[in-house]
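Next comes structure.tsv, a file with TSV, C-alpha atoms.
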chain	number	residue	atom	x	y	z
A	1306	MET	CA	-18.68	6.28	10.16
A	1307	ILE	CA	-15.23	4.81	9.61
A	1308	ARG	CA	-12.93	7.84	9.51
A	1309	PHE	CA	-9.56	7.79	7.74
A	1310	SER	CA	-7.87	10.29	10.02
A	1311	LYS	CA	-8.24	12.97	12.68
A	1312	ILE	CA	-7.00	15.44	10.06
A	1313	ASP	CA	-9.60	16.96	7.73
A	1314	ASP	CA	-9.29	19.55	4.97
A	1315	LYS	CA	-9.79	22.43	7.44
A	1316	LEU	CA	-7.32	21.10	10.06
A	1317	THR	CA	-10.20	21.34	12.52
A	1318	THR	CA	-8.68	19.10	15.19
A	1319	TYR	CA	-5.63	21.37	15.52
A	1320	LYS	CA	-7.80	24.47	15.73
A	1321	GLU	CA	-10.02	22.98	18.43
A	1322	HIS	CA	-7.14	21.92	20.70
A	1323	GLU	CA	-4.10	23.34	22.41
A	1324	VAL	CA	-1.28	21.98	20.25
A	1325	VAL	CA	1.94	20.52	21.66
A	1326	LEU	CA	4.80	19.23	19.51
A	1327	PHE	CA	6.62	16.19	20.91
A	1328	GLY	CA	10.08	16.44	19.41
A	1329	ALA	CA	12.13	19.66	19.49
A	1330	GLY	CA	14.35	19.10	16.48
A	1331	PHE	CA	14.33	19.59	12.73
A	1332	TRP	CA	10.84	18.21	12.23
A	1333	GLY	CA	9.49	20.04	15.24
A	1334	ARG	CA	10.59	23.34	13.75
A	1335	ASP	CA	9.25	22.39	10.31
A	1336	ILE	CA	5.83	21.30	11.61
A	1337	LYS	CA	5.58	24.41	13.80
A	1338	LYS	CA	6.12	26.65	10.78
A	1339	ASN	CA	3.56	24.76	8.73
A	1340	LEU	CA	0.91	24.88	11.44
A	1341	GLU	CA	1.53	28.58	11.99
A	1342	PHE	CA	1.13	29.15	8.26
A	1343	HIS	CA	-2.40	27.74	8.67
A	1344	GLY	CA	-3.08	30.00	11.65
A	1345	ILE	CA	-2.48	27.33	14.31
A	1346	LYS	CA	-0.48	28.26	17.40
A	1347	VAL	CA	1.90	25.81	19.06
A	1348	SER	CA	1.81	26.16	22.88
A	1349	PHE	CA	5.06	24.36	23.72
A	1350	PHE	CA	7.47	21.61	22.74
A	1351	CYS	CA	8.22	18.42	24.60
A	1352	ASP	CA	11.33	16.29	24.19
A	1353	ASN	CA	12.88	13.21	25.77
A	1354	ASN	CA	16.35	14.78	25.65
A	1355	GLU	CA	16.86	16.24	29.13
A	1356	LYS	CA	19.53	18.63	27.79
A	1357	LYS	CA	16.74	20.53	26.02
A	1358	TRP	CA	14.41	20.83	29.03
A	1359	GLY	CA	13.80	24.41	30.10
A	1360	SER	CA	15.33	25.87	26.93
A	1361	TYR	CA	13.51	27.48	24.02
A	1362	MET	CA	13.28	26.80	20.30
A	1363	ASP	CA	11.92	29.56	18.07
A	1364	GLY	CA	10.69	31.33	21.18
A	1365	ILE	CA	8.70	28.37	22.52
A	1366	GLU	CA	9.61	26.53	25.72
A	1367	ILE	CA	10.69	22.88	25.66
A	1368	LEU	CA	9.21	20.83	28.49
A	1369	SER	CA	10.08	17.41	29.86
A	1370	PRO	CA	7.69	14.46	29.38
A	1371	VAL	CA	6.88	14.62	33.11
A	1372	GLN	CA	5.84	18.27	32.77
A	1373	LEU	CA	3.70	17.37	29.74
A	1374	ARG	CA	2.06	14.60	31.73
A	1375	GLU	CA	1.25	17.03	34.53
A	1376	ARG	CA	-0.35	19.51	32.12
A	1377	TYR	CA	-2.12	17.00	29.94
A	1378	SER	CA	-5.88	17.20	29.49
A	1379	GLU	CA	-8.40	16.36	26.78
A	1380	GLU	CA	-7.97	19.91	25.48
A	1381	ILE	CA	-4.36	19.16	24.49
A	1382	LEU	CA	-3.48	17.61	21.12
A	1383	ILE	CA	0.02	16.17	20.90
A	1384	GLN	CA	1.54	16.19	17.42
A	1385	ILE	CA	4.51	13.85	17.29
A	1386	SER	CA	7.33	15.63	15.48
A	1387	VAL	CA	9.93	12.87	15.48
A	1388	ALA	CA	10.39	10.89	12.24
A	1389	SER	CA	10.93	7.61	14.11
A	1390	GLY	CA	8.07	8.27	16.48
A	1391	GLN	CA	6.92	4.74	17.34
A	1392	ASP	CA	8.65	4.85	20.73
A	1393	VAL	CA	6.97	8.18	21.50
A	1394	GLU	CA	3.59	6.69	20.57
A	1395	MET	CA	4.12	3.80	23.00
A	1396	GLN	CA	5.28	6.24	25.65
A	1397	LEU	CA	2.14	8.38	25.30
A	1398	ARG	CA	-0.17	5.37	25.30
A	1399	ALA	CA	1.50	3.99	28.44
A	1400	TRP	CA	0.80	7.30	30.16
A	1401	GLY	CA	-2.83	7.34	29.03
A	1402	MET	CA	-2.33	10.31	26.69
A	1403	GLY	CA	-4.23	9.08	23.67
A	1404	THR	CA	-5.01	12.41	22.01
A	1405	PHE	CA	-2.07	12.51	19.61
A	1406	ILE	CA	-1.36	12.38	15.90
A	1407	SER	CA	1.54	10.28	14.64
A	1408	PHE	CA	4.31	11.77	12.58
A	1409	GLN	CA	3.51	9.61	9.55
A	1410	GLU	CA	-0.18	10.48	9.66
A	1411	TYR	CA	0.70	14.18	9.71
A	1412	ILE	CA	3.15	13.89	6.81
A	1413	GLU	CA	0.86	11.86	4.56
A	1414	ARG	CA	-2.32	13.82	5.28
A	1415	LEU	CA	-0.73	17.27	4.99
A	1416	SER	CA	1.03	16.29	1.75
A	1417	GLY	CA	-2.25	15.01	0.36
A	1418	LEU	CA	-4.06	18.11	1.51
A	1419	TYR	CA	-1.65	20.30	-0.44
A	1420	ILE	CA	-2.33	18.24	-3.56
A	1421	TYR	CA	-6.09	18.39	-2.99
A	1422	LYS	CA	-6.12	22.14	-2.52
A	1423	THR	CA	-3.93	22.86	-5.54
A	1424	LEU	CA	-5.75	20.73	-8.12
A	1425	PRO	CA	-5.63	20.81	-11.11
A	1426	GLU	CA	-2.14	22.31	-10.91
A	1427	SER	CA	-0.80	19.32	-8.99
A	1428	VAL	CA	-2.24	16.92	-11.55
A	1429	LYS	CA	-0.53	18.77	-14.35
A	1430	ILE	CA	2.82	18.81	-12.54
A	1431	TYR	CA	2.52	15.13	-11.59
A	1432	ASP	CA	1.54	14.00	-15.08
A	1433	ASN	CA	4.29	16.03	-16.72
A	1434	PHE	CA	6.93	14.62	-14.41
A	1435	PHE	CA	5.98	10.96	-14.36
A	1436	SER	CA	5.10	10.73	-18.04
A	1437	ARG	CA	8.46	12.06	-19.19
A	1438	PRO	CA	10.40	9.43	-21.16
A	1439	SER	CA	13.52	10.30	-19.16
A	1440	TYR	CA	11.79	9.35	-15.91
A	1441	LEU	CA	10.14	6.16	-17.15
A	1442	VAL	CA	13.21	4.88	-18.98
A	1443	GLY	CA	15.45	5.92	-16.12
A	1444	GLN	CA	13.39	4.06	-13.54
A	1445	THR	CA	13.11	0.81	-15.49
A	1446	ARG	CA	16.71	0.85	-16.64
A	1447	TYR	CA	17.88	1.61	-13.11
A	1448	ASP	CA	15.95	-1.33	-11.71
A	1449	CYS	CA	17.23	-3.73	-14.34
A	1450	LEU	CA	20.81	-2.51	-14.60
A	1451	ASN	CA	21.23	-2.34	-10.84
A	1452	TYR	CA	20.37	-6.03	-10.74
A	1453	ALA	CA	22.68	-6.70	-13.67
A	1454	ALA	CA	25.60	-5.14	-11.85
A	1455	ARG	CA	25.03	-7.24	-8.75
A	1456	VAL	CA	24.75	-10.62	-10.44
A	1457	LYS	CA	26.93	-10.11	-13.52
A	1458	TYR	CA	23.95	-10.31	-15.84
A	1459	PHE	CA	25.87	-11.06	-18.96
A	1460	GLU	CA	27.45	-14.17	-17.48
A	1461	LYS	CA	24.20	-15.76	-16.39
A	1462	ASP	CA	22.04	-18.13	-18.34
A	1463	SER	CA	19.02	-17.88	-16.05
A	1464	TYR	CA	17.14	-15.11	-14.26
A	1465	ASN	CA	14.94	-15.01	-11.17
A	1466	ILE	CA	12.09	-12.50	-11.45
A	1467	LEU	CA	9.76	-11.37	-8.67
A	1468	CYS	CA	6.53	-9.80	-9.97
A	1469	MET	CA	3.38	-10.13	-7.90
A	1470	PRO	CA	0.00	-8.50	-7.40
A	1471	PRO	CA	0.13	-5.86	-4.64
A	1472	LYS	CA	-0.47	-7.00	-1.06
A	1473	THR	CA	0.34	-10.66	-1.71
A	1474	GLY	CA	3.61	-10.95	0.20
A	1475	ASN	CA	5.80	-8.86	-2.09
A	1476	TYR	CA	7.78	-7.08	0.65
A	1477	THR	CA	7.91	-10.19	2.79
A	1478	LEU	CA	9.65	-12.01	-0.05
A	1479	LEU	CA	11.88	-9.04	-0.82
A	1480	GLY	CA	13.23	-9.02	2.72
A	1481	SER	CA	13.38	-12.79	2.98
A	1482	LEU	CA	15.14	-13.37	-0.32
A	1483	GLY	CA	17.52	-10.50	0.32
A	1484	LYS	CA	18.45	-11.99	3.70
A	1485	SER	CA	19.00	-15.40	2.11
A	1486	GLY	CA	21.39	-14.00	-0.48
A	1487	ALA	CA	19.20	-15.02	-3.42
A	1488	GLU	CA	19.70	-13.14	-6.69
A	1489	PHE	CA	16.55	-11.76	-8.28
A	1490	VAL	CA	15.16	-8.80	-10.15
A	1491	ARG	CA	11.92	-7.19	-9.00
A	1492	PHE	CA	9.43	-5.55	-11.32
A	1493	GLY	CA	7.06	-4.41	-8.61
A	1494	HIS	CA	3.52	-5.28	-9.61
A	1495	SER	CA	3.81	-4.92	-13.38
A	1496	PHE	CA	5.90	-6.60	-16.05
A	1497	ASN	CA	5.43	-3.43	-18.07
A	1498	ARG	CA	8.38	-1.96	-16.17
A	1499	MET	CA	10.68	-4.33	-18.08
A	1500	PHE	CA	12.04	-2.31	-20.99
A	1501	ASP	CA	12.17	-3.81	-24.47
A	1502	GLY	CA	15.96	-4.03	-24.55
A	1503	LEU	CA	16.03	-6.39	-21.61
A	1504	LYS	CA	13.27	-8.55	-23.11
A	1505	GLU	CA	15.37	-8.95	-26.23
A	1506	PHE	CA	18.50	-9.69	-24.21
A	1507	ILE	CA	16.82	-12.40	-22.18
A	1508	GLY	CA	15.60	-14.05	-25.36
A	1509	ASP	CA	15.42	-17.79	-24.88
A	1510	LYS	CA	17.43	-17.88	-21.66
A	1511	LYS	CA	15.87	-19.52	-18.65
A	1512	ILE	CA	13.50	-17.40	-16.55
A	1513	LYS	CA	12.11	-18.26	-13.14
A	1514	ILE	CA	9.14	-16.14	-12.05
A	1515	VAL	CA	7.67	-16.01	-8.55
A	1516	THR	CA	4.13	-14.68	-8.18
A	1517	SER	CA	1.17	-15.19	-5.88
A	1518	VAL	CA	-2.58	-15.16	-5.23
A	1519	ARG	CA	-4.75	-14.13	-2.29
A	1520	ASP	CA	-8.36	-13.96	-1.16
A	1521	PRO	CA	-9.51	-11.14	-3.51
A	1522	ILE	CA	-11.54	-9.16	-0.98
A	1523	ALA	CA	-8.73	-9.28	1.58
A	1524	GLN	CA	-6.28	-8.12	-1.11
A	1525	ASN	CA	-8.59	-5.36	-2.32
A	1526	ILE	CA	-9.16	-3.91	1.15
A	1527	SER	CA	-5.49	-4.06	2.13
A	1528	LEU	CA	-4.54	-2.46	-1.19
A	1529	PHE	CA	-7.23	0.21	-0.81
A	1530	PHE	CA	-5.76	1.41	2.47
A	1531	GLN	CA	-2.20	1.43	1.21
A	1532	ILE	CA	-2.85	3.42	-1.94
A	1533	THR	CA	-5.36	5.85	-0.48
A	1534	THR	CA	-3.20	6.72	2.51
A	1535	ASN	CA	-0.21	7.04	0.17
A	1536	LEU	CA	-1.96	9.92	-1.62
A	1537	CYS	CA	-2.81	7.97	-4.76
A	1538	TYR	CA	-6.52	8.83	-4.63
A	1539	CYS	CA	-6.59	11.92	-2.42
A	1540	ASP	CA	-8.26	14.24	-4.94
A	1541	ILE	CA	-11.92	13.74	-3.98
A	1542	PRO	CA	-13.83	15.56	-1.19
A	1543	GLU	CA	-15.00	12.28	0.39
A	1544	TYR	CA	-11.36	11.65	1.37
A	1545	TRP	CA	-11.22	14.87	3.39
A	1546	THR	CA	-14.61	15.87	4.83
A	1547	ASP	CA	-14.70	15.13	8.58
A	1548	GLY	CA	-11.37	13.32	8.26
A	1549	GLY	CA	-12.46	11.18	5.32
A	1550	ASP	CA	-15.29	8.67	4.97
A	1551	VAL	CA	-13.69	5.24	4.41
A	1552	GLN	CA	-16.96	3.64	3.25
A	1553	ALA	CA	-17.71	6.39	0.73
A	1554	VAL	CA	-14.19	6.36	-0.73
A	1555	TRP	CA	-14.16	2.54	-0.86
A	1556	ASP	CA	-17.46	2.45	-2.75
A	1557	LEU	CA	-16.12	4.91	-5.34
A	1558	TRP	CA	-12.67	3.33	-5.63
A	1559	ILE	CA	-13.72	-0.32	-6.04
A	1560	ALA	CA	-16.37	0.69	-8.58
A	1561	HIS	CA	-13.74	2.67	-10.48
A	1562	GLU	CA	-11.30	-0.27	-10.50
A	1563	LEU	CA	-13.84	-2.92	-11.55
A	1564	LYS	CA	-16.19	-0.94	-13.77
A	1565	GLU	CA	-15.22	-3.09	-16.76
A	1566	ALA	CA	-16.08	-6.31	-14.92
A	1567	ILE	CA	-19.21	-5.60	-12.86
A	1568	PRO	CA	-22.37	-4.27	-14.61
A	1569	LEU	CA	-23.45	-2.26	-11.54
A	1570	TYR	CA	-20.19	-0.34	-11.61
A	1571	ALA	CA	-20.28	0.06	-15.39
A	1572	GLN	CA	-23.70	1.65	-15.01
A	1573	LEU	CA	-22.37	4.07	-12.41
A	1574	ALA	CA	-19.53	5.00	-14.75
A	1575	ASP	CA	-21.92	5.54	-17.68
A	1576	GLN	CA	-24.03	7.80	-15.47
A	1577	GLY	CA	-20.97	9.89	-14.57
A	1578	LYS	CA	-21.20	8.95	-10.89
A	1579	LEU	CA	-17.60	7.78	-10.53
A	1580	PRO	CA	-14.68	10.19	-10.03
A	1581	SER	CA	-11.72	10.16	-12.38
A	1582	PHE	CA	-9.14	10.09	-9.59
A	1583	SER	CA	-7.24	12.46	-11.85
A	1584	TYR	CA	-4.10	12.71	-9.71
A	1585	MET	CA	-3.10	9.09	-10.40
A	1586	GLU	CA	-4.93	8.44	-13.64
A	1587	GLY	CA	-2.03	9.57	-15.86
A	1588	TRP	CA	0.49	7.48	-13.96
A	1589	ASN	CA	-1.61	4.32	-14.07
A	1590	LYS	CA	-2.30	4.79	-17.77
A	1591	GLU	CA	1.34	5.41	-18.60
A	1592	GLN	CA	2.56	2.41	-16.63
A	1593	ASP	CA	-0.42	0.28	-17.70
A	1594	ASN	CA	-0.76	-0.63	-14.03
A	1595	VAL	CA	-3.03	-3.45	-12.89
A	1596	ILE	CA	-3.47	-3.27	-9.15
A	1597	VAL	CA	-6.53	-5.33	-8.15
A	1598	ILE	CA	-5.68	-9.02	-8.08
A	1599	GLN	CA	-8.77	-9.91	-10.15
A	1600	ASP	CA	-7.08	-8.47	-13.28
A	1601	PHE	CA	-3.45	-9.39	-12.71
A	1602	PHE	CA	-3.03	-12.69	-14.52
A	1603	GLU	CA	-5.09	-11.82	-17.60
A	1604	LYS	CA	-4.05	-8.22	-18.15
A	1605	ASN	CA	-0.47	-8.33	-16.93
A	1606	PHE	CA	1.03	-11.78	-16.46
A	1607	LYS	CA	-0.35	-13.40	-19.63
A	1608	ARG	CA	0.50	-10.38	-21.75
A	1609	PHE	CA	4.15	-10.58	-20.73
A	1610	ASN	CA	4.94	-14.26	-21.21
A	1611	GLY	CA	1.91	-15.69	-23.02
A	1612	ILE	CA	1.18	-18.12	-20.20
A	1613	ASN	CA	-2.45	-18.67	-19.32
A	1614	VAL	CA	-2.19	-19.92	-15.75
A	1615	LEU	CA	-5.70	-21.33	-15.93
A	1616	ASP	CA	-4.42	-23.96	-18.39
A	1617	TYR	CA	-2.32	-25.53	-15.63
A	1618	GLU	CA	-3.78	-27.48	-12.74
A	1619	PHE	CA	-3.17	-25.85	-9.37
A	1620	ASP	CA	-2.56	-27.98	-6.28
A	1621	LYS	CA	-5.21	-26.48	-4.00
A	1622	GLU	CA	-4.26	-28.66	-1.09
A	1623	GLN	CA	-0.55	-27.87	-1.15
A	1624	GLY	CA	-1.13	-24.22	-2.02
A	1625	TYR	CA	1.31	-23.82	-4.90
A	1626	VAL	CA	2.08	-24.91	-8.44
A	1627	LEU	CA	5.13	-25.11	-10.68
A	1628	ILE	CA	4.51	-24.22	-14.31
A	1629	GLN	CA	6.97	-24.70	-17.14
A	1630	GLN	CA	6.42	-23.41	-20.65
A	1631	ASP	CA	9.31	-23.15	-23.07
A	1632	ASN	CA	12.10	-21.25	-21.28
A	1633	VAL	CA	9.88	-19.95	-18.48
A	1634	GLU	CA	9.26	-21.57	-15.09
A	1635	VAL	CA	6.67	-20.09	-12.74
A	1636	PHE	CA	6.09	-20.63	-9.03
A	1637	ILE	CA	2.61	-19.47	-7.94
A	1638	TYR	CA	1.64	-19.70	-4.29
A	1639	GLN	CA	-1.34	-18.85	-2.10
A	1640	LEU	CA	-0.39	-16.10	0.32
A	1641	GLU	CA	-2.44	-17.82	3.00
A	1642	ARG	CA	-0.05	-20.80	2.82
A	1643	LEU	CA	3.25	-19.00	2.24
A	1644	ASN	CA	4.77	-20.35	5.44
A	1645	ASP	CA	3.80	-23.89	4.42
A	1646	VAL	CA	5.39	-23.68	0.95
A	1647	LYS	CA	8.56	-21.72	1.75
A	1648	ASP	CA	10.72	-24.86	1.47
A	1649	GLN	CA	9.36	-25.59	-2.02
A	1650	LEU	CA	9.94	-21.95	-2.97
A	1651	ALA	CA	13.50	-22.13	-1.68
A	1652	LEU	CA	14.10	-25.28	-3.73
A	1653	PHE	CA	12.66	-23.54	-6.82
A	1654	LEU	CA	15.11	-20.64	-6.42
A	1655	GLY	CA	18.07	-22.78	-5.38
A	1656	ILE	CA	18.21	-21.45	-1.80
A	1657	GLU	CA	19.32	-23.69	1.05
A	1658	ASN	CA	17.25	-21.98	3.73
A	1659	LEU	CA	14.48	-19.40	3.35
A	1660	GLU	CA	13.56	-17.60	6.56
A	1661	LEU	CA	10.45	-15.46	6.16
A	1662	VAL	CA	10.69	-11.85	7.31
A	1663	ASN	CA	7.32	-10.10	7.35
A	1664	GLY	CA	7.23	-6.69	5.70
A	1665	ASN	CA	4.85	-3.86	4.74
A	1666	GLU	CA	2.14	-5.05	7.11
A	1667	ALA	CA	-0.92	-2.91	7.73
A	1668	LYS	CA	-0.56	-3.38	11.49
A	1669	GLN	CA	2.71	-1.43	11.32
A	1670	LYS	CA	1.15	1.60	9.58
A	1671	TRP	CA	-0.30	4.74	11.16
A	1672	TYR	CA	-3.73	3.77	9.84
A	1673	ALA	CA	-3.69	0.34	11.55
A	1674	PRO	CA	-6.61	1.10	13.94
A	1675	VAL	CA	-8.75	2.38	11.05
A	1676	TYR	CA	-7.85	-0.67	8.97
A	1677	ARG	CA	-8.90	-2.99	11.79
A	1678	GLN	CA	-12.18	-1.11	12.12
A	1679	ALA	CA	-12.80	-1.46	8.38
A	1680	LEU	CA	-12.19	-5.21	8.59
A	1681	ARG	CA	-15.01	-5.30	11.12
A	1682	GLU	CA	-17.45	-2.78	9.65
A	1683	LEU	CA	-16.85	-2.09	5.93
A	1684	LYS	CA	-19.88	-2.85	3.74
A	1685	LEU	CA	-19.61	-4.60	0.36
A	1686	ASP	CA	-21.93	-4.56	-2.63
A	1687	LYS	CA	-23.57	-7.93	-3.25
A	1688	GLU	CA	-22.57	-7.84	-6.93
A	1689	TYR	CA	-18.94	-7.28	-5.95
A	1690	PHE	CA	-19.01	-10.10	-3.38
A	1691	GLU	CA	-20.41	-12.56	-5.91
A	1692	TYR	CA	-17.99	-11.48	-8.64
A	1693	CYS	CA	-14.99	-12.06	-6.38
A	1694	TYR	CA	-15.81	-15.69	-5.61
A	1695	ASN	CA	-17.49	-16.73	-8.84
A	1696	SER	CA	-14.54	-15.72	-10.99
A	1697	PRO	CA	-12.72	-18.55	-12.84
A	1698	CYS	CA	-9.40	-17.32	-11.47
A	1699	VAL	CA	-10.37	-17.63	-7.80
A	1700	GLN	CA	-12.03	-21.00	-8.38
A	1701	HIS	CA	-8.90	-22.18	-10.17
A	1702	PHE	CA	-6.57	-21.35	-7.29
A	1703	TYR	CA	-8.75	-22.19	-4.30
A	1704	SER	CA	-10.77	-25.20	-3.21
A	1705	GLU	CA	-14.48	-25.04	-2.50
A	1706	ALA	CA	-13.65	-25.20	1.21
A	1707	ASP	CA	-11.23	-22.29	0.88
A	1708	ILE	CA	-13.76	-20.19	-1.01
A	1709	GLU	CA	-16.48	-20.97	1.49
A	1710	SER	CA	-14.14	-19.91	4.27
A	1711	PHE	CA	-13.52	-16.60	2.49
A	1712	LYS	CA	-17.25	-16.13	1.99
A	1713	ASN	CA	-17.97	-16.82	5.63
A	1714	ARG	CA	-15.46	-14.17	6.61
A	1715	TRP	CA	-17.01	-11.46	4.41
A	1716	ARG	CA	-20.67	-12.47	4.08
A	1717	LYS	CA	-21.73	-10.39	7.06
A	1718	HIS	CA	-20.28	-7.33	5.31
A	1719	VAL	CA	-22.58	-7.61	2.29
A	1720	LYS	CA	-25.07	-4.75	2.04
A	1721	GLU	CA	-28.72	-5.73	2.45
Could you take the file, read its structure, and then write that structure out as structure tokens?
Amino acid sequence: MIRFSKIDDKLTTYKEHEVVLFGAGFWGRDIKKNLEFHGIKVSFFCDNNEKKWGSYMDGIEILSPVQLRERYSEEILIQISVASGQDVEMQLRAWGMGTFISFQEYIERLSGLYIYKTLPESVKIYDNFFSRPSYLVGQTRYDCLNYAARVKYFEKDSYNILCMPPKTGNYTLLGSLGKSGAEFVRFGHSFNRMFDGLKEFIGDKKIKIVTSVRDPIAQNISLFFQITTNLCYCDIPEYWTDGGDVQAVWDLWIAHELKEAIPLYAQLADQGKLPSFSYMEGWNKEQDNVIVIQDFFEKNFKRFNGINVLDYEFDKEQGYVLIQQDNVEVFIYQLERLNDVKDQLALFLGIENLELVNGNEAKQKWYAPVYRQALRELKLDKEYFEYCYNSPCVQHFYSEADIESFKNRWRKHVKE
């Protein structure tokens, strides 16, 4: 079984170990109180600050890392209680102390567990908050007007817009363009965040849009890990039992997302075998979010600007295309070739030099080891596999050789 986390809905791993908190500060005190609330005793603190060694916090002794190393055994579970805990993780690994839980894993799992255990109250609170007009209008206006203030919106006759499917280089471009000094407005992964007033203001002025494509299965899996570990779909038991069954949650989630496209998944929905994912359902509906790349251009991109990207030939060898229709110019690139087309992208945006700065990578997240395991072991439905590579959109953006390469990567994952 591919397990999401060491933390399950009963906090079993804490209860079966002697718990040590590495970090005797604000978060150490906060985590100690939370664990004690769940009946879990903290044996001692550890901290790298030698001024704290031998002292006590909330009645519990603070040890040095050397003392922790001397006491360490497989019966000890180290909970990192430092917000920037990457250095502590490397320190523990270097010392061969692998039984620990990262700070980010603790925060995300315990937050999700609270939501899971307080449903449907949490759903009601979440829906009421995020569906309020004041929140939605405030968020979109803030995004747009913040950009307006920076680039003197009313004096410009052209606008650079970044709106891309999730997990297709969005944060890499954000960091890269920001470093280059380029002016742009970002609408996340949905043009629906652009409020009507701004649409009217733009009118027939020149718009440059940057967006992207990616191997659909690679995008789906990367997206799945980001949104599930960010609490978006934490309201089903499969996410919690024994730390969470990645395969079981994947099967339910991908069927839920593509039930309108794949007959097998539509049948499961008709039979009532798919969960509602109620915690995020209201938000997605309100924002009209499209998150899987298979739906992005038809349900989001085309609806905003009327451009059917399939009407324009894509240069599959170069890995990008420039589209112009009326006052709109679009730069679409393959994520797999972003480094190869960065000069053309820079030219499109009027930037002298675009240096790529990678961002929001799975390998930097607490779930990186689980993600790598899923890339090796996750099983895919045959109907899903065929849908991904037979779709007109994928065949439009990728060559036969590219598609065959994608298939070769994932074919061994197809269920028999």
**Item:** Within 9 Å of stretch 1351-1353 of chain A using only C-alpha atoms, minus same-chain residues under 5 positions, as a list of chain:residue names
**Value:** A:Val1325, A:Leu1326, A:Phe1327, A:Gly1328, A:Ala1329, A:Gly1330, A:Trp1358, A:Glu1366, A:Ile1367, A:Leu1368, A:Ser1369, A:Pro1370, A:Gln1372, A:Leu1373, A:Val1393
How would the residues just picked look written out with C-alpha atoms as a PDB file, in the frame of the given file?
ATOM      1  CA  VAL A1325       1.940  20.520  21.660  1.00  0.00           C
ATOM      2  CA  LEU A1326       4.800  19.230  19.510  1.00  0.00           C
ATOM      3  CA  PHE A1327       6.620  16.190  20.910  1.00  0.00           C
ATOM      4  CA  GLY A1328      10.080  16.440  19.410  1.00  0.00           C
ATOM      5  CA  ALA A1329      12.130  19.660  19.490  1.00  0.00           C
ATOM      6  CA  GLY A1330      14.350  19.100  16.480  1.00  0.00           C
ATOM      7  CA  TRP A1358      14.410  20.830  29.030  1.00  0.00           C
ATOM      8  CA  GLU A1366       9.610  26.530  25.720  1.00  0.00           C
ATOM      9  CA  ILE A1367      10.690  22.880  25.660  1.00  0.00           C
ATOM     10  CA  LEU A1368       9.210  20.830  28.490  1.00  0.00           C
ATOM     11  CA  SER A1369      10.080  17.410  29.860  1.00  0.00           C
ATOM     12  CA  PRO A1370       7.690  14.460  29.380  1.00  0.00           C
ATOM     13  CA  GLN A1372       5.840  18.270  32.770  1.00  0.00           C
ATOM     14  CA  LEU A1373       3.700  17.370  29.740  1.00  0.00           C
ATOM     15  CA  VAL A1393       6.970   8.180  21.500  1.00  0.00           C
TER      16      VAL A1393
END
**Complete:** Using all atoms listed in the file, the shortest atom-to-atom distance to A:Tyr1476 among A:Glu1666, A:Glu1641, A:Glu1721, A:Glu1657 belongs to A:Glu1666
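Atom CA of A:Glu1323 sits 12.2 Å away from atom CA of A:Leu1340.
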**Request:** Name all residues at most 9 Å from A:Phe1711 (count only C-alpha atoms; drop same-chain ones fewer than 3 positions away) and give them as a PyMOL selection string.
**Result:** chain A and resi 1520+1522-1523+1694+1706-1708+1714-1716
May I have the residues from that selection written out with C-alpha atoms, as a PDB file, in the frame of the given file?
ATOM      1  CA  ASP A1520      -8.360 -13.960  -1.160  1.00  0.00           C
ATOM      2  CA  ILE A1522     -11.540  -9.160  -0.980  1.00  0.00           C
ATOM      3  CA  ALA A1523      -8.730  -9.280   1.580  1.00  0.00           C
ATOM      4  CA  TYR A1694     -15.810 -15.690  -5.610  1.00  0.00           C
ATOM      5  CA  ALA A1706     -13.650 -25.200   1.210  1.00  0.00           C
ATOM      6  CA  ASP A1707     -11.230 -22.290   0.880  1.00  0.00           C
ATOM      7  CA  ILE A1708     -13.760 -20.190  -1.010  1.00  0.00           C
ATOM      8  CA  ARG A1714     -15.460 -14.170   6.610  1.00  0.00           C
ATOM      9  CA  TRP A1715     -17.010 -11.460   4.410  1.00  0.00           C
ATOM     10  CA  ARG A1716     -20.670 -12.470   4.080  1.00  0.00           C
TER      11      ARG A1716
END
**Request:** Can you work out which one of A:Ile1312, A:Glu1321, A:Asp1363, A:Met1395 has the shortest atom-to-atom distance to A:Gly1333, counting all atoms listed in the file?
**Result:** A:Asp1363
**Request:** Within 12 Å of (-8.4, 11.3, 2.0) (coordinates as in the file), grab all the protein and nucleic acid residues, counting all atoms listed in the file, and write them out as number ranges by chain.
**Result:** A: 1308-1314, 1410, 1413-1422, 1529-1555, 1558, 1582, 1672
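Of note, atom CA of A:Tyr1570 and atom CA of A:Ser1710 are spaced 25.9 Å apart.
Across A:Lys1513, A:Leu1467, A:Asp1575, A:Ala1673, the tightest approach to A:Phe1653 is made by A:Lys1513 when counting only C-alpha atoms.
Using all atoms listed in the file, the nearest neighbour of A:Cys1698 within the list A:Ile1559, A:Ile1406, A:Leu1615, A:Ile1526 is A:Leu1615.
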**Request:** Please indicate the distance in Å from atom CA of A:Leu1478 to atom CA of A:Asn1644, rounded to one decimal place.
**Result:** 11.1 Å
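With all atoms listed in the file as the atoms that count, the minimum distance from A:Glu1562 to the choices A:Asp1600, A:Glu1709, A:Glu1622, A:Asp1509 is reached by A:Asp1600.
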Neighbourhood query: residues within 6 Å of (18.3, -19.1, -17.2), file coordinates, counting all atoms listed in the file; return as a compact mmCIF listing (two decimals) with C-alpha atoms, in the coordinates of the input.
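Wrote it out as part29.txt, contents follow:
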# COMPACT_ATOMS: atom_id res chain seq x y z
CA ASP A 1462 22.04 -18.13 -18.34
CA SER A 1463 19.02 -17.88 -16.05
CA TYR A 1464 17.14 -15.11 -14.26
CA LYS A 1510 17.43 -17.88 -21.66
CA LYS A 1511 15.87 -19.52 -18.65
CA ILE A 1512 13.50 -17.40 -16.55
